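Here the structure comes first, spelled out in structure tokens, and everything after it is commentary.
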Amino acid sequence: MKSAIVCASLGLVLFVSVGASAPPPPDIRPVRTVVAAASAEGEPISLTGHVRSRTEENLAFRIDGRMIGRQANVGQVVKPGDVIAEIDPQPQQDGLRAAQAQSQAAQAAFHEAANTLQRQASLLQQGFTTRAQFDAAERAHVSAKAEVDSTAAALHSAEDQFGYTKLLADSSGAVIATGAEAGEVVRAGQTIVTVAHDDGADAVFDVPASLMRQVSPDALIEIALTDDPSVHAVGHVREVAPQADPVTRSYQVKVGLTDWPKAMRLGATVTGLARMEGAGGIELPATALTTEDDRPAVWIVDVKTQQVSLRAVELQRQDSSSIVVTRGVEKGEIVVTAGVHALRPGQNVRLLGAAQ
């Protein structure tokens, strides 16, 4: 707005601008950024697990009975053929004697039938007997032979039953648990002792499903005692549970230990360290992510003009802490990681804590 000022002595009229102000300075927002870089190696992850024998065997009797003795206790080392426990053998011994008597009777009957058939054959040739009598003798001979075979099978079964009264170890290892004491009546299949075979050990972990997808099955796992990290070993994944635990929704993973140190005893708590697979793209903090037309996007800072532009990206992975961009961001570009929701295209920014 202009105001007129009259100078009477000179007869001049001056016009002076009143209320004019300088243009406002550009809006510069401070932002935090990172320099986009592809990581060559995945992040380390650590889980807690425990040591178990690679093979654990539950030994049990095949028959019911009253256990009269158990020779193996927890911590004892057993070898193949060692007697673990015994049940009362008297019922099986009586059954064995009865089977032996039946077998002997069947053999005697067979011997008699064989002699009768031989005599009938001789008499038939001389014409002193009938064909019907010969056929009856032949039939009795066949029946006696079948009875011998049947009693022989019964005798073999009775011998096995008698042998089952002793529980024997079939492999070497250490007893880690017991399930019955002398004097108890046990049933067939009931665990008497559990033997940990000496064929190696596993470190067992419960792994979340998200980590299952990010760790290579061929990854080398470093195992160390939780209370003494100087005791350590290495191993590879040997077995992965095909189904998640219904309660924890995690998967049981067994890592076979190489050069298993004896100080890493069964049941010890261990820590497993592995590295996730390489991202295969540009890994950025999750706070860098915004949207453009319902598509993921990030803000890129122009180094020369210090202005930002919104760029759509494609994601390989997204979680609560990070994202992996496979397309849309190039290595070396500056990406805004804080203040993304207060920016507009072309806005001037001031970098805070830019990673170089």
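How things are named: the first chain in the structure tokens is A, the next is B, and so on; residues count from 1 in each chain; ligands count from 1 in the order shown.
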
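By chain and then residue number, the residues within 10 Å of A:Glu292 are Val298, Leu310, Arg311, Ala312 and Val313 of chain A, counting only C-alpha atoms and disregarding those fewer than 6 positions away in sequence.
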
When DSSP works through the backbone of this structure, what residues of stretch 113-284 of chain A end up as strand (DSSP E), shown as a PyMOL selection string? chain A and resi 166-168+173-178+185-186+191-197+201-208+220-225+232-240+250-258+269-275+282-284

Need to verify the contact set: stretch 212-227 of chain A, 6 Å, only C-alpha atoms, exclusion of same-chain residues closer than 2 positions in sequence. Can you return it as a count of residues only? 17

Contacts of A:Thr287 at 6 Å or less, counting only C-alpha atoms, minus same-chain residues fewer than 2 places along, as a PyMOL selection string? chain A and resi 285+289+337

Once you have the residues from the selection above, write them out as a CSV table (one decimal), in the first residue's frame, restricted to all heavy atoms.
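Wrote it out as out_12.csv, contents follow:
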```csv
chain,number,residue,atom,x,y,z
A,285,PRO,N,15.2,-49.6,7.9
A,285,PRO,CA,14.4,-49.6,9.1
A,285,PRO,C,12.9,-49.5,8.7
A,285,PRO,O,12.5,-48.9,7.7
A,285,PRO,CB,14.8,-48.3,9.8
A,285,PRO,CG,16.2,-48.0,9.3
A,285,PRO,CD,16.2,-48.5,7.9
A,289,LEU,N,9.1,-46.7,5.9
A,289,LEU,CA,8.0,-47.1,5.0
A,289,LEU,C,6.8,-46.2,5.1
A,289,LEU,O,6.4,-45.9,6.2
A,289,LEU,CB,7.6,-48.6,5.2
A,289,LEU,CG,6.6,-49.2,4.3
A,289,LEU,CD1,7.2,-49.3,2.9
A,289,LEU,CD2,6.2,-50.6,4.8
A,337,THR,N,14.2,-41.9,7.3
A,337,THR,CA,13.8,-43.0,8.2
A,337,THR,C,12.9,-42.4,9.4
A,337,THR,O,12.3,-43.2,10.1
A,337,THR,CB,15.0,-43.7,8.8
A,337,THR,OG1,15.8,-42.8,9.5
A,337,THR,CG2,15.8,-44.4,7.7
```

Please identify which residues in stretch 125-333 of chain A DSSP calls helix (DSSP H, G or I) from the backbone, and express them as a PyMOL selection string. chain A and resi 125-126+131-163+209-212+286-288

Give me the residues near stretch 196-206 of chain A as an MDAnalysis selection string, where near means some atom within 9 Å (using only C-alpha atoms) and where sequence neighbours in that chain fewer than 5 positions away do not count. chainID A and resid 47:58 171:176 223 235 238 245 248 250:258 260 266 269:272

For the residues selected in the previous step, produce a file with N, CA and C atoms as a short mmCIF file (atom, residue, chain, number, x, y, z; two decimals), in the first residue's frame.
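Output (part06.cif):
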```cif
data_model
loop_
_atom_site.label_atom_id
_atom_site.label_comp_id
_atom_site.auth_asym_id
_atom_site.auth_seq_id
_atom_site.Cartn_x
_atom_site.Cartn_y
_atom_site.Cartn_z
N LEU A 47 19.36 -68.35 20.18
CA LEU A 47 18.26 -69.06 20.84
C LEU A 47 18.82 -69.96 21.95
N THR A 48 17.98 -70.24 22.92
CA THR A 48 18.37 -71.10 24.03
C THR A 48 17.71 -72.46 23.87
N GLY A 49 18.50 -73.51 24.08
CA GLY A 49 17.99 -74.88 23.98
C GLY A 49 18.66 -75.78 24.99
N HIS A 50 18.64 -77.06 24.75
CA HIS A 50 19.27 -78.02 25.65
C HIS A 50 19.85 -79.17 24.86
N VAL A 51 20.74 -79.91 25.52
CA VAL A 51 21.43 -81.03 24.88
C VAL A 51 20.67 -82.32 25.15
N ARG A 52 20.47 -83.09 24.10
CA ARG A 52 19.84 -84.40 24.23
C ARG A 52 20.63 -85.42 23.45
N SER A 53 20.53 -86.66 23.88
CA SER A 53 21.14 -87.74 23.13
C SER A 53 20.47 -87.86 21.77
N ARG A 54 21.27 -88.20 20.77
CA ARG A 54 20.70 -88.33 19.43
C ARG A 54 19.64 -89.42 19.39
N THR A 55 19.86 -90.51 20.13
CA THR A 55 18.90 -91.61 20.18
C THR A 55 18.60 -91.94 21.63
N GLU A 56 17.33 -91.88 22.00
CA GLU A 56 16.89 -92.27 23.33
C GLU A 56 15.91 -93.44 23.18
N GLU A 57 16.20 -94.52 23.88
CA GLU A 57 15.42 -95.76 23.74
C GLU A 57 14.73 -96.10 25.04
N ASN A 58 13.43 -96.33 24.97
CA ASN A 58 12.67 -96.79 26.13
C ASN A 58 12.61 -98.31 26.11
N SER A 171 21.85 -102.15 22.97
CA SER A 171 22.87 -101.22 22.50
C SER A 171 23.54 -100.58 23.71
N SER A 172 24.69 -100.00 23.49
CA SER A 172 25.42 -99.37 24.59
C SER A 172 24.93 -97.96 24.81
N GLY A 173 24.98 -97.53 26.05
CA GLY A 173 24.54 -96.19 26.40
C GLY A 173 24.40 -96.03 27.90
N ALA A 174 23.90 -94.89 28.32
CA ALA A 174 23.73 -94.59 29.73
C ALA A 174 22.25 -94.52 30.08
N VAL A 175 21.91 -95.04 31.25
CA VAL A 175 20.52 -94.99 31.73
C VAL A 175 20.24 -93.57 32.22
N ILE A 176 19.21 -92.93 31.67
CA ILE A 176 18.89 -91.55 32.05
C ILE A 176 17.57 -91.45 32.80
N ILE A 223 27.32 -73.63 18.98
CA ILE A 223 26.67 -74.03 20.23
C ILE A 223 27.64 -73.81 21.38
N GLY A 235 27.66 -77.37 14.75
CA GLY A 235 26.80 -78.42 14.21
C GLY A 235 25.95 -77.89 13.07
N ARG A 238 20.01 -81.15 11.78
CA ARG A 238 19.86 -82.56 11.44
C ARG A 238 18.40 -82.95 11.24
N ASP A 245 4.40 -76.95 17.27
CA ASP A 245 3.81 -77.31 18.56
C ASP A 245 2.45 -76.63 18.69
N THR A 248 2.89 -73.64 21.64
CA THR A 248 3.84 -72.54 21.42
C THR A 248 3.90 -72.09 19.97
N SER A 250 5.79 -73.13 17.75
CA SER A 250 7.18 -73.13 17.31
C SER A 250 7.55 -74.52 16.81
N TYR A 251 8.66 -74.60 16.10
CA TYR A 251 9.11 -75.86 15.51
C TYR A 251 10.35 -76.36 16.26
N GLN A 252 10.36 -77.65 16.55
CA GLN A 252 11.53 -78.22 17.22
C GLN A 252 12.60 -78.54 16.18
N VAL A 253 13.78 -78.00 16.42
CA VAL A 253 14.90 -78.18 15.50
C VAL A 253 16.04 -78.87 16.28
N LYS A 254 16.57 -79.93 15.69
CA LYS A 254 17.69 -80.65 16.30
C LYS A 254 18.96 -80.37 15.50
N VAL A 255 19.97 -79.88 16.20
CA VAL A 255 21.27 -79.57 15.59
C VAL A 255 22.26 -80.65 16.01
N GLY A 256 22.73 -81.43 15.04
CA GLY A 256 23.71 -82.47 15.33
C GLY A 256 25.05 -81.86 15.69
N LEU A 257 25.60 -82.25 16.85
CA LEU A 257 26.85 -81.67 17.32
C LEU A 257 28.05 -82.40 16.74
N THR A 258 29.05 -81.63 16.36
CA THR A 258 30.31 -82.18 15.85
C THR A 258 31.37 -82.03 16.94
N TRP A 260 31.58 -83.45 19.93
CA TRP A 260 30.81 -83.15 21.13
C TRP A 260 31.70 -83.17 22.37
N LEU A 266 24.41 -84.21 28.90
CA LEU A 266 23.01 -84.32 28.49
C LEU A 266 22.13 -83.49 29.42
N THR A 269 21.87 -76.66 29.47
CA THR A 269 21.30 -75.53 28.72
C THR A 269 22.38 -74.92 27.84
N VAL A 270 22.06 -74.75 26.57
CA VAL A 270 23.04 -74.23 25.62
C VAL A 270 22.43 -73.07 24.84
N THR A 271 23.31 -72.28 24.26
CA THR A 271 22.91 -71.17 23.40
C THR A 271 23.37 -71.45 21.99
N GLY A 272 22.47 -71.31 21.04
CA GLY A 272 22.81 -71.53 19.64
C GLY A 272 22.85 -70.19 18.90
#
```

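Of note, atom CA of A:Val308 and atom CA of A:Gly346 are spaced 5.3 Å apart.
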